[in-house]
file data.txt (compact mmCIF, C-alpha atoms)
# COMPACT_ATOMS: atom_id res chain seq x y z
CA MET I 1432 -2.44 15.09 -2.82
CA ILE I 1433 -5.10 17.37 -4.38
CA ALA I 1434 -2.58 19.09 -6.66
CA ARG I 1435 -1.61 15.76 -8.24
CA ILE I 1436 -5.12 15.23 -9.62
CA PHE I 1437 -6.19 18.86 -9.95
CA ILE I 1438 -7.39 18.73 -13.59
CA PRO I 1439 -9.40 15.48 -13.21
CA LEU I 1440 -11.07 16.95 -10.12
CA LEU I 1441 -12.08 20.10 -11.99
CA LEU I 1442 -13.58 18.02 -14.79
CA LEU I 1443 -15.34 15.78 -12.26
CA ILE I 1444 -16.96 18.84 -10.68
CA ILE I 1445 -17.88 20.76 -13.84
CA ILE I 1446 -18.96 18.15 -16.44
CA PRO I 1447 -21.84 16.51 -14.46
CA ASP I 1448 -23.40 19.91 -13.68
CA LEU I 1449 -22.97 20.99 -17.27
CA TYR I 1450 -24.70 17.81 -18.46
CA VAL I 1451 -27.61 18.28 -16.03
CA HIS I 1452 -27.92 21.93 -17.04
CA LEU I 1453 -27.98 21.23 -20.79
CA HIS I 1454 -30.28 18.21 -20.63
CA TYR I 1455 -32.69 19.19 -17.87
CA LEU I 1456 -32.41 22.59 -16.20
CA ARG I 1457 -32.55 24.83 -19.25
CA HIS I 1458 -35.65 22.99 -20.54
CA ARG I 1459 -37.55 22.54 -17.28
CA VAL I 1460 -36.46 25.47 -15.10
CA LYS I 1461 -37.26 28.81 -16.72
CA SER I 1462 -35.95 31.03 -13.92
CA LYS I 1463 -32.29 31.96 -14.42
CA TRP I 1464 -31.92 32.46 -10.67
CA LYS I 1465 -33.06 28.91 -9.93
CA GLN I 1466 -30.65 27.62 -12.55
CA LEU I 1467 -27.90 29.61 -10.87
CA ILE I 1468 -28.68 28.07 -7.48
CA TRP I 1469 -27.91 24.63 -8.93
CA TRP I 1470 -24.35 25.79 -9.71
CA ILE I 1471 -23.57 27.26 -6.28
CA PRO I 1472 -22.29 23.99 -4.64
CA SER I 1473 -20.07 23.29 -7.64
CA VAL I 1474 -18.64 26.81 -7.66
CA LEU I 1475 -17.82 26.46 -3.96
CA MET I 1476 -16.23 23.04 -4.58
CA LEU I 1477 -14.16 24.55 -7.40
CA ALA I 1478 -12.92 27.26 -5.05
CA PHE I 1479 -12.18 24.65 -2.35
CA THR I 1480 -10.25 22.53 -4.87
CA ILE I 1481 -8.16 25.46 -6.09
CA TYR I 1482 -7.36 26.45 -2.50
CA LEU I 1483 -6.15 22.97 -1.55
CA ALA I 1484 -4.23 22.47 -4.80
CA TRP I 1485 -2.44 25.76 -4.21
CA GLY I 1486 -0.98 24.60 -0.92
CA LYS I 1487 2.21 22.60 -0.55
CA GLY I 1488 2.57 19.17 0.97
CA PHE I 1489 0.46 16.02 0.94
CA ALA I 1490 -2.34 17.53 3.03
CA PRO I 1491 -2.25 21.33 2.58
CA GLY I 1492 -4.29 23.25 5.12
CA GLY I 1493 -4.30 20.33 7.54
CA VAL I 1494 -5.69 16.81 7.59
CA MET I 1495 -9.14 17.85 8.86
CA LEU I 1496 -9.56 20.30 5.99
CA VAL I 1497 -8.64 17.65 3.43
CA ASN I 1498 -10.99 15.14 5.05
CA SER I 1499 -13.82 17.68 4.93
CA TYR I 1500 -13.11 18.19 1.25
CA LEU I 1501 -13.16 14.46 0.55
CA PHE I 1502 -16.45 14.08 2.42
CA LEU I 1503 -18.06 16.83 0.33
CA LEU I 1504 -16.63 15.24 -2.78
CA GLY I 1505 -18.31 11.98 -1.78
CA VAL I 1506 -21.76 13.41 -1.06
CA LEU I 1507 -21.97 16.22 -3.63
CA VAL I 1508 -19.70 15.60 -6.60
CA ILE I 1509 -19.32 11.85 -7.14
CA PRO I 1510 -23.07 11.06 -6.87
CA LYS I 1511 -23.81 13.68 -9.55
CA ALA I 1512 -21.05 12.26 -11.75
CA VAL I 1513 -22.45 8.72 -11.45
CA PHE I 1514 -25.98 9.94 -12.18
CA SER I 1515 -24.77 11.85 -15.23
CA ILE I 1516 -22.93 8.85 -16.65
CA CYS I 1517 -25.97 6.59 -16.19
CA SER I 1518 -28.30 9.23 -17.58
CA PHE I 1519 -26.09 9.83 -20.61
CA LEU I 1520 -25.86 6.09 -21.39
CA GLY I 1521 -29.63 5.78 -21.00
CA TRP I 1522 -30.16 8.79 -23.27
CA ARG I 1523 -27.93 7.29 -26.00
CA HIS I 1524 -29.81 4.00 -25.63
CA CYS I 1525 -33.12 5.83 -26.18
CA LYS I 1526 -31.73 7.57 -29.26
CA PHE I 1527 -30.39 4.35 -30.74
CA HIS I 1528 -33.51 2.25 -30.05
CA LYS I 1529 -35.96 5.15 -30.56
CA THR I 1530 -37.57 4.80 -27.13
CA LYS I 1531 -38.65 7.50 -24.67
CA LYS I 1532 -38.10 6.01 -21.21
CA ASN I 1533 -34.57 6.77 -19.96
CA TRP I 1534 -33.95 4.02 -17.43
CA GLY I 1535 -30.47 5.42 -16.91
CA ASN I 1536 -32.00 8.20 -14.81
CA ILE I 1537 -33.54 5.72 -12.38
CA VAL I 1538 -30.37 3.63 -12.17
CA GLY I 1539 -28.32 6.80 -11.70
CA ILE I 1540 -30.53 8.08 -8.88
CA LEU I 1541 -30.35 4.73 -7.05
CA LEU I 1542 -26.57 4.51 -7.42
CA ALA I 1543 -26.12 8.13 -6.33
CA ALA I 1544 -28.24 7.50 -3.23
CA GLY I 1545 -26.20 4.39 -2.47
CA ILE I 1546 -22.93 6.33 -2.74
CA ILE I 1547 -24.21 9.03 -0.37
CA TYR I 1548 -25.24 6.33 2.12
CA ILE I 1549 -21.83 4.64 1.92
CA VAL I 1550 -19.95 7.92 2.42
CA VAL I 1551 -22.10 9.09 5.36
CA TYR I 1552 -22.17 5.66 7.09
CA GLY I 1553 -18.46 5.02 6.50
CA SER I 1554 -17.50 8.44 7.85
CA THR I 1555 -19.54 8.06 11.03
CA ILE I 1556 -20.67 4.63 12.25
CA GLY I 1557 -18.26 2.62 10.10
CA PHE I 1558 -15.11 4.39 11.28
CA ASN I 1559 -16.16 4.21 14.92
CA LYS I 1560 -16.29 0.41 15.05
CA ILE I 1561 -13.53 -1.87 16.34
CA GLU I 1562 -13.40 -5.65 16.17
CA VAL I 1563 -11.00 -8.25 17.58
CA ARG I 1564 -9.90 -10.96 15.14
CA HIS I 1565 -8.34 -14.18 16.47
CA GLU I 1566 -5.80 -16.27 14.56
CA ASP I 1567 -3.79 -19.39 15.48
CA TYR I 1568 -0.37 -20.20 14.08
CA TYR I 1569 1.29 -23.62 14.45
CA SER I 1570 5.01 -24.24 14.04
CA SER I 1571 7.33 -27.15 14.76
CA GLN I 1572 10.13 -24.65 15.41
CA LEU I 1573 8.29 -22.86 18.21
CA PRO I 1574 9.80 -23.81 21.61
CA LYS I 1575 7.40 -25.63 23.92
CA SER I 1576 7.62 -22.91 26.55
CA PHE I 1577 6.07 -20.47 24.04
CA ASP I 1578 3.08 -22.71 23.30
CA GLY I 1579 -0.04 -20.56 23.73
CA TYR I 1580 1.97 -17.33 23.43
CA ARG I 1581 -0.44 -14.45 22.69
CA ILE I 1582 0.59 -11.64 20.34
CA VAL I 1583 -1.65 -8.64 19.79
CA HIS I 1584 -1.02 -7.26 16.33
CA LEU I 1585 -1.81 -3.56 15.81
CA SER I 1586 -1.21 -1.57 12.66
CA ASP I 1587 -1.93 1.76 10.98
CA ILE I 1588 -3.17 3.82 13.89
CA HIS I 1589 -2.73 7.13 12.00
CA ILE I 1590 -2.80 9.08 15.23
CA GLY I 1591 -3.40 12.46 13.59
CA THR I 1592 -6.91 11.38 12.63
CA TYR I 1593 -7.93 11.07 16.30
CA THR I 1594 -8.88 14.64 17.12
CA ASN I 1595 -10.69 15.78 20.26
CA GLY I 1596 -13.99 14.65 18.78
CA ASN I 1597 -13.04 11.00 18.39
CA SER I 1598 -10.07 10.53 20.72
CA TRP I 1599 -12.35 8.28 22.79
CA LEU I 1600 -12.09 5.72 19.99
CA LEU I 1601 -8.32 5.46 20.41
CA LYS I 1602 -8.71 4.99 24.18
CA ALA I 1603 -11.30 2.28 23.56
CA ALA I 1604 -8.88 0.51 21.22
CA ILE I 1605 -6.05 0.62 23.77
CA ASP I 1606 -8.41 -0.79 26.43
CA SER I 1607 -9.42 -3.56 24.00
CA VAL I 1608 -5.76 -4.47 23.51
CA ASN I 1609 -4.92 -4.57 27.21
CA VAL I 1610 -7.96 -6.68 28.09
CA GLN I 1611 -6.50 -9.43 25.85
CA HIS I 1612 -3.63 -9.80 28.39
CA PRO I 1613 -1.05 -10.17 25.60
CA ASP I 1614 2.40 -11.63 26.04
CA LEU I 1615 3.65 -9.27 23.36
CA ILE I 1616 2.25 -6.35 21.36
CA ALA I 1617 3.47 -5.88 17.79
CA PHE I 1618 2.79 -2.60 15.98
CA THR I 1619 3.55 -2.67 12.26
CA GLY I 1620 3.75 0.97 11.30
CA ASP I 1621 1.95 4.15 10.28
CA LEU I 1622 1.69 5.60 13.75
CA GLN I 1623 1.40 9.14 12.39
CA ASN I 1624 -0.15 10.78 9.35
CA ARG I 1625 2.53 13.36 8.58
CA GLU I 1626 4.60 14.49 11.57
CA PRO I 1627 5.36 13.47 15.17
CA SER I 1628 3.59 16.47 16.74
CA GLU I 1629 0.36 14.53 16.14
CA LEU I 1630 1.40 12.21 18.99
CA TYR I 1631 1.60 14.92 21.65
CA PRO I 1632 -2.06 14.80 22.81
CA HIS I 1633 -2.05 10.98 22.83
CA ILE I 1634 1.27 10.00 24.41
CA GLU I 1635 -0.35 9.11 27.74
CA THR I 1636 -2.96 6.96 25.98
CA LEU I 1637 -0.40 5.11 23.86
CA SER I 1638 1.91 4.64 26.84
CA ALA I 1639 -0.88 2.63 28.50
CA LEU I 1640 -0.30 -0.31 26.16
CA LYS I 1641 0.93 -3.19 28.31
CA ALA I 1642 2.26 -6.66 27.49
CA THR I 1643 4.34 -9.14 29.49
CA ASP I 1644 7.29 -8.99 27.09
CA GLY I 1645 6.72 -5.44 25.89
CA VAL I 1646 5.61 -3.47 22.83
CA PHE I 1647 7.59 -3.83 19.60
CA SER I 1648 7.18 -1.59 16.57
CA VAL I 1649 8.48 -0.78 13.09
CA ARG I 1650 7.94 2.26 10.88
CA GLY I 1651 5.51 2.46 7.99
CA ASN I 1652 5.52 4.76 4.96
CA HIS I 1653 3.70 7.55 6.86
CA ASP I 1654 6.29 7.40 9.65
CA TYR I 1655 8.94 8.95 7.45
CA ALA I 1656 8.88 12.58 6.29
CA ASP I 1657 7.63 12.07 2.74
CA TYR I 1658 4.22 13.64 3.41
CA ILE I 1659 5.40 17.12 4.40
CA HIS I 1660 6.99 19.94 2.43
CA ALA I 1661 10.08 20.90 4.45
CA GLU I 1662 13.84 21.27 4.39
CA PRO I 1663 15.87 18.01 4.53
CA ALA I 1664 17.12 18.81 8.04
CA VAL I 1665 13.55 19.18 9.31
CA LYS I 1666 12.57 15.88 7.74
CA VAL I 1667 15.50 14.07 9.35
CA ALA I 1668 14.65 15.63 12.72
CA ASN I 1669 11.01 14.55 12.41
CA GLU I 1670 11.96 10.97 11.63
CA ARG I 1671 14.29 10.82 14.60
CA GLU I 1672 11.71 12.38 16.90
CA LEU I 1673 9.06 9.80 16.01
CA VAL I 1674 11.43 6.98 16.96
CA SER I 1675 12.45 8.84 20.13
CA ARG I 1676 8.83 9.43 21.17
CA GLN I 1677 7.98 5.76 20.78
CA ARG I 1678 10.94 4.76 22.93
CA GLN I 1679 9.87 7.29 25.57
CA MET I 1680 6.50 5.51 25.62
CA GLY I 1681 8.33 2.27 26.39
CA TRP I 1682 8.08 0.82 22.88
CA ASN I 1683 10.94 -1.19 21.35
CA VAL I 1684 11.41 0.35 17.89
CA LEU I 1685 13.20 -2.08 15.59
CA VAL I 1686 15.20 -0.47 12.76
CA ASN I 1687 16.49 -3.34 10.60
CA GLU I 1688 17.38 -5.27 13.75
CA HIS I 1689 16.16 -8.03 16.04
CA ILE I 1690 15.72 -8.80 19.73
CA SER I 1691 15.46 -12.16 21.46
CA VAL I 1692 12.65 -12.78 23.95
CA ARG I 1693 13.46 -15.45 26.52
CA HIS I 1694 11.30 -17.78 28.58
CA GLY I 1695 13.66 -19.77 30.75
CA LYS I 1696 16.20 -21.47 28.48
CA ASP I 1697 14.05 -21.01 25.35
CA SER I 1698 13.81 -17.95 23.14
CA ILE I 1699 12.16 -16.57 20.03
CA VAL I 1700 13.43 -13.76 17.82
CA ILE I 1701 11.44 -10.57 17.18
CA ALA I 1702 12.81 -9.03 13.98
CA GLY I 1703 11.78 -5.65 12.61
CA MET I 1704 12.48 -4.25 9.17
CA GLU I 1705 12.17 -0.67 8.03
CA ASN I 1706 9.51 -0.03 5.41
CA ASP I 1707 10.25 -2.14 2.34
CA GLY I 1708 7.78 -0.78 -0.18
CA THR I 1709 7.45 -0.51 -3.93
CA GLY I 1710 6.75 2.42 -6.24
CA PRO I 1711 6.45 5.70 -4.32
CA PHE I 1712 6.74 4.10 -0.87
CA PRO I 1713 10.02 4.17 1.10
CA LYS I 1714 12.32 1.23 0.45
CA ARG I 1715 14.64 1.13 3.45
CA GLY I 1716 14.18 -2.45 4.57
CA ASP I 1717 17.29 -4.62 4.77
CA VAL I 1718 16.56 -8.30 5.39
CA LYS I 1719 20.21 -9.30 5.61
CA LYS I 1720 20.96 -6.67 8.25
CA THR I 1721 17.78 -7.45 10.18
CA MET I 1722 18.53 -11.17 10.35
CA SER I 1723 22.29 -10.89 10.90
CA GLY I 1724 23.37 -13.41 13.53
CA VAL I 1725 20.00 -15.20 13.77
CA SER I 1726 20.27 -18.99 13.90
CA ASP I 1727 18.62 -21.01 11.13
CA ASN I 1728 16.80 -23.02 13.80
CA ALA I 1729 15.36 -20.02 15.63
CA PHE I 1730 11.68 -19.18 15.57
CA VAL I 1731 11.45 -15.72 14.01
CA LEU I 1732 8.55 -13.30 14.18
CA MET I 1733 9.11 -10.65 11.49
CA LEU I 1734 7.51 -7.20 11.65
CA GLU I 1735 7.30 -5.40 8.30
CA HIS I 1736 4.80 -2.70 7.37
CA ASP I 1737 4.42 -3.46 3.67
CA PRO I 1738 3.10 -7.00 2.91
CA THR I 1739 4.54 -6.97 -0.63
CA SER I 1740 7.96 -7.44 0.99
CA TRP I 1741 6.92 -10.92 2.16
CA ARG I 1742 7.19 -12.54 -1.27
CA ARG I 1743 9.86 -10.17 -2.60
CA ASN I 1744 12.38 -10.41 0.23
CA ILE I 1745 11.27 -12.11 3.44
CA LEU I 1746 10.35 -15.53 2.06
CA PRO I 1747 13.40 -15.97 -0.21
CA LYS I 1748 16.00 -14.23 1.98
CA SER I 1749 15.12 -15.16 5.56
CA ASN I 1750 13.85 -18.02 7.68
CA ALA I 1751 11.12 -15.94 9.37
CA GLN I 1752 8.21 -18.30 10.05
CA LEU I 1753 5.56 -15.69 10.80
CA THR I 1754 5.40 -12.17 9.40
CA LEU I 1755 3.06 -9.41 10.60
CA SER I 1756 2.20 -6.54 8.24
CA GLY I 1757 -0.37 -3.82 7.62
CA HIS I 1758 -0.38 -0.98 5.08
CA THR I 1759 -3.27 -2.04 2.82
CA HIS I 1760 -6.20 -1.03 5.09
CA ALA I 1761 -8.15 -3.23 2.62
CA MET I 1762 -8.61 0.28 1.16
CA GLN I 1763 -11.09 0.76 4.04
CA PHE I 1764 -13.85 -0.48 1.76
CA SER I 1765 -15.44 -3.86 1.17
CA LEU I 1766 -18.72 -4.78 -0.50
CA PHE I 1767 -20.10 -8.31 -0.15
CA GLY I 1768 -16.64 -9.50 0.92
CA TRP I 1769 -14.80 -7.97 -2.04
CA SER I 1770 -12.26 -5.18 -1.58
CA PRO I 1771 -10.52 -3.22 -4.35
CA ALA I 1772 -7.30 -3.92 -2.42
CA SER I 1773 -7.42 -7.43 -3.92
CA LEU I 1774 -6.63 -5.89 -7.32
CA ILE I 1775 -3.35 -4.47 -6.00
CA TYR I 1776 -2.14 -6.80 -3.24
CA GLU I 1777 -1.83 -10.56 -3.25
CA GLU I 1778 -2.05 -10.53 0.55
CA TRP I 1779 -4.27 -7.66 1.66
CA GLY I 1780 -6.14 -8.70 4.83
CA GLY I 1781 -6.09 -11.83 6.99
CA MET I 1782 -3.74 -14.78 7.38
CA PHE I 1783 -1.98 -16.21 4.31
CA TYR I 1784 0.27 -19.27 4.06
CA GLU I 1785 3.17 -20.42 1.93
CA GLY I 1786 3.83 -23.94 3.16
CA ASP I 1787 4.37 -23.72 6.93
CA ARG I 1788 5.26 -20.03 6.75
CA ALA I 1789 2.61 -17.36 7.09
CA ILE I 1790 1.86 -13.66 7.01
CA ASN I 1791 -0.92 -11.89 8.85
CA VAL I 1792 -1.97 -8.64 7.18
CA SER I 1793 -3.93 -6.36 9.46
CA THR I 1794 -6.45 -4.07 7.79
CA GLY I 1795 -5.48 -1.48 10.37
CA LEU I 1796 -7.04 0.35 13.25
CA GLY I 1797 -7.43 3.88 11.87
CA GLY I 1798 -6.72 5.66 8.62
CA PHE I 1799 -5.50 8.91 7.14
CA ILE I 1800 -9.09 9.39 5.96
CA PRO I 1801 -11.65 8.71 8.75
CA PHE I 1802 -13.78 6.37 6.68
CA ARG I 1803 -14.49 2.64 6.76
CA PHE I 1804 -17.24 0.71 5.03
CA GLY I 1805 -17.31 -3.07 5.28
CA VAL I 1806 -13.78 -3.10 6.73
CA THR I 1807 -13.91 -2.52 10.48
CA GLY I 1808 -10.88 -1.22 12.32
CA GLU I 1809 -9.27 -4.30 13.84
CA ILE I 1810 -7.11 -5.66 16.61
CA VAL I 1811 -5.63 -9.07 15.85
CA VAL I 1812 -4.78 -11.65 18.49
CA VAL I 1813 -2.34 -14.25 17.13
CA THR I 1814 -1.82 -17.27 19.35
CA LEU I 1815 1.32 -19.35 18.73
CA HIS I 1816 1.19 -23.13 19.07
CA SER I 1817 4.02 -25.63 19.10
CA LYS I 1818 3.43 -28.63 16.86
call {"tool": "encode", "arguments": {"input": "data.txt", "output": "structure tokens"}}
result
Amino acid sequence: MIARIFIPLLLLIIIPDLYVHLHYLRHRVKSKWKQLIWWIPSVLMLAFTIYLAWGKGFAPGGVMLVNSYLFLLGVLVIPKAVFSICSFLGWRHCKFHKTKKNWGNIVGILLAAGIIYIVVYGSTIGFNKIEVRHEDYYSSQLPKSFDGYRIVHLSDIHIGTYTNGNSWLLKAAIDSVNVQHPDLIAFTGDLQNREPSELYPHIETLSALKATDGVFSVRGNHDYADYIHAEPAVKVANERELVSRQRQMGWNVLVNEHISVRHGKDSIVIAGMENDGTGPFPKRGDVKKTMSGVSDNAFVLMLEHDPTSWRRNILPKSNAQLTLSGHTHAMQFSLFGWSPASLIYEEWGGMFYEGDRAINVSTGLGGFIPFRFGVTGEIVVVTLHSK
């Protein structure tokens, strides 16, 4: 991850300090030693960046090391870069209009302080919050015996982020799910960050999930082996182990297949596709295989990690009435109701409709990076109603 943007990161670290040094330090601070002190954090960040870029894999040195690096980037490097940009623009404005007051400095200081607040809050209080969102879905194809059927939708746990320090948060989330007394629990992928060994300390906690008709899950992009540097045989073994571990916990892992859930003579279909992503994300979903043998009149609940598949494949190639997805996390950031995820995804968080058919996109419970600002980790309760 760091290696892919190594050069931009070096420039981001060096240029702001160089600007501050040339425009302020060398004129106002006469002591060379005091000037040198200013550069120490940047030199350490440069060394940290080179170390991480040197490693192999998506998160070299471990997830916690990468998260520490990103936190330092957010409180040390990015605020200085924002200040420098504002200061430079203000300086050019003063030169052009022949004025002395550089308002860019004031704006830059305020923005830098705001960024530090967002990073610190989002990495502590923001990530430790959980909320329960309730949605209702109405369908004329839902059998009467399933009227009021309660589905708890979970997504994007990213279990490797719950270390000993915050494992209590995962337990609190599981308790919050069970207290809803769900008829069915649907998990829509990204259980791990990189590899199934992350589950080992949490298997007992995850096994505590209980629903009348069971727990159903599909795999997300992180649940494959694309985020580790290893031999093909190791990657295949990891992917198989993750599925095996979920089944040991009592979860029904759906791999381009479906299962019928019966209440008396009535039934609904729970269908689960493999990840059907775009660009760099795994594209293993097969709608035709998943829906093979499903009646056109059946009520189908589709589980698919990537919400972009809804318009690309699920709507035109299946009769699934309700789809549950995750993946976007709403980029774990929202300001005054706006998230940058809206620039990338048409459906990025909440319930969306196309006629009588709908998709619920969960913004997720956890995250590869333990940070959330304005987008609380969520548990979604979807109640089905028969028209």
call {"tool": "residues_around", "arguments": {"input": "data.txt", "residues": "Leu1734 (chain I)", "least_positions_apart": "2", "cutoff": "8 Å", "atoms": "only C-alpha atoms", "output": "list in words"}}
result
Ala1617, Phe1618, Thr1619, Ser1648, Val1649, Ile1701, Ala1702, Gly1703, Met1704, Leu1732, His1736, Thr1754, Leu1755 and Ser1756 of chain I
call {"tool": "closest_residue", "arguments": {"input": "data.txt", "among": "I:Leu1585, I:Val1674, I:Leu1685, I:Ile1775", "to": "Gly1757 (chain I)", "atoms": "only C-alpha atoms"}}
result
I:Leu1585
call {"tool": "residues_around", "arguments": {"input": "data.txt", "residues": "Val1811 (chain I)", "least_positions_apart": "5", "cutoff": "6 Å", "atoms": "all atoms listed in the file", "output": "list in words"}}
result
Val1563, Arg1564, His1565, Val1583 and His1584 of chain I
call {"tool": "atom_distance", "arguments": {"input": "data.txt", "atom1": "CA of Val1792 (chain I)", "atom2": "CA of Val1667 (chain I)"}}
result
28.7 Å
call {"tool": "atom_distance", "arguments": {"input": "data.txt", "atom1": "CA of Asp1606 (chain I)", "atom2": "CA of Asp1737 (chain I)"}}
result
26.3 Å
call {"tool": "residues_near_point", "arguments": {"input": "data.txt", "point": "(-7.8, 8.1, 13.0)", "cutoff": "7 Å", "atoms": "all atoms listed in the file", "output": "list of chain:residue names"}}
result
I:Ile1588, I:His1589, I:Ile1590, I:Gly1591, I:Thr1592, I:Tyr1593, I:Gly1797, I:Gly1798, I:Phe1799, I:Pro1801
call {"tool": "closest_residue", "arguments": {"input": "data.txt", "among": "I:Lys1720, I:Lys1560, I:Arg1676, I:Lys1575", "to": "Leu1601 (chain I)", "atoms": "only C-alpha atoms"}}
result
I:Lys1560
call {"tool": "residues_around", "arguments": {"input": "data.txt", "residues": "Phe1767 (chain I)", "least_positions_apart": "2", "cutoff": "12 Å", "atoms": "only C-alpha atoms", "output": "list in words"}}
result
Phe1764, Ser1765, Trp1769, Ser1770, Pro1771, Phe1804, Gly1805 and Val1806 of chain I
call {"tool": "closest_atom_pairs", "arguments": {"input": "data.txt", "of": "region 1478-1593 of chain I", "to": "region 1450-1459 of chain I", "cutoff": "12 Å", "atoms": "only C-alpha atoms", "output": "Markdown table"}}
result
| residue | atom | partner | partner_atom | distance |
| --- | --- | --- | --- | --- |
| I:Lys1511 | CA | I:Val1451 | CA | 8.8 |
| I:Ala1512 | CA | I:Tyr1450 | CA | 9.4 |
| I:Val1513 | CA | I:Tyr1450 | CA | 11.7 |
| I:Phe1514 | CA | I:Val1451 | CA | 9.3 |
| I:Ser1515 | CA | I:Tyr1450 | CA | 6.8 |
| I:Ile1516 | CA | I:Tyr1450 | CA | 9.3 |
| I:Cys1517 | CA | I:Tyr1450 | CA | 11.5 |
| I:Ser1518 | CA | I:Val1451 | CA | 9.2 |
| I:Phe1519 | CA | I:Tyr1450 | CA | 8.4 |
| I:Trp1522 | CA | I:His1454 | CA | 9.8 |
| I:Asn1536 | CA | I:Val1451 | CA | 11.1 |
call {"tool": "residues_around", "arguments": {"input": "data.txt", "residues": "Val1725 (chain I)", "least_positions_apart": "4", "cutoff": "10 Å", "atoms": "all atoms listed in the file", "output": "list in words"}}
result
His1689, Ile1690, Ser1691, Val1700, Ala1702, Thr1721, Ala1729, Phe1730, Val1731, Ser1749, Asn1750 and Ala1751 of chain I
call {"tool": "atom_distance", "arguments": {"input": "data.txt", "atom1": "CA of Asn1597 (chain I)", "atom2": "CA of Ala1661 (chain I)"}}
result
28.8 Å
call {"tool": "decode", "arguments": {"input": "data.txt", "residues": "region 1593-1604 of chain I", "atoms": "N, CA and C atoms", "output": "mmCIF file, in the first residue's frame"}}
result
data_model
loop_
_atom_site.group_PDB
_atom_site.id
_atom_site.type_symbol
_atom_site.label_atom_id
_atom_site.label_comp_id
_atom_site.auth_asym_id
_atom_site.auth_seq_id
_atom_site.Cartn_x
_atom_site.Cartn_y
_atom_site.Cartn_z
ATOM 1 N N TYR I 1593 -9.422 -5.513 15.448
ATOM 2 C CA TYR I 1593 -9.809 -5.621 16.856
ATOM 3 C C TYR I 1593 -8.719 -6.349 17.630
ATOM 4 N N THR I 1594 -7.766 -5.576 18.117
ATOM 5 C CA THR I 1594 -6.676 -6.135 18.904
ATOM 6 C C THR I 1594 -7.120 -6.227 20.364
ATOM 7 N N ASN I 1595 -6.211 -6.594 21.228
ATOM 8 C CA ASN I 1595 -6.548 -6.737 22.653
ATOM 9 C C ASN I 1595 -7.082 -5.439 23.253
ATOM 10 N N GLY I 1596 -6.615 -4.311 22.713
ATOM 11 C CA GLY I 1596 -7.030 -3.034 23.274
ATOM 12 C C GLY I 1596 -8.467 -2.670 22.994
ATOM 13 N N ASN I 1597 -9.011 -3.123 21.858
ATOM 14 C CA ASN I 1597 -10.386 -2.746 21.532
ATOM 15 C C ASN I 1597 -11.264 -3.950 21.180
ATOM 16 N N SER I 1598 -10.863 -5.123 21.636
ATOM 17 C CA SER I 1598 -11.682 -6.316 21.373
ATOM 18 C C SER I 1598 -13.036 -6.227 22.066
ATOM 19 N N TRP I 1599 -13.123 -5.393 23.102
ATOM 20 C CA TRP I 1599 -14.403 -5.189 23.794
ATOM 21 C C TRP I 1599 -15.457 -4.617 22.843
ATOM 22 N N LEU I 1600 -15.000 -3.847 21.846
ATOM 23 C CA LEU I 1600 -15.928 -3.228 20.909
ATOM 24 C C LEU I 1600 -16.610 -4.284 20.045
ATOM 25 N N LEU I 1601 -15.853 -5.305 19.647
ATOM 26 C CA LEU I 1601 -16.433 -6.396 18.870
ATOM 27 C C LEU I 1601 -17.466 -7.153 19.699
ATOM 28 N N LYS I 1602 -17.149 -7.416 20.965
ATOM 29 C CA LYS I 1602 -18.091 -8.121 21.843
ATOM 30 C C LYS I 1602 -19.362 -7.303 22.046
ATOM 31 N N ALA I 1603 -19.189 -5.985 22.164
ATOM 32 C CA ALA I 1603 -20.361 -5.117 22.314
ATOM 33 C C ALA I 1603 -21.235 -5.167 21.067
ATOM 34 N N ALA I 1604 -20.600 -5.236 19.901
ATOM 35 C CA ALA I 1604 -21.356 -5.305 18.648
ATOM 36 C C ALA I 1604 -22.139 -6.613 18.551
#
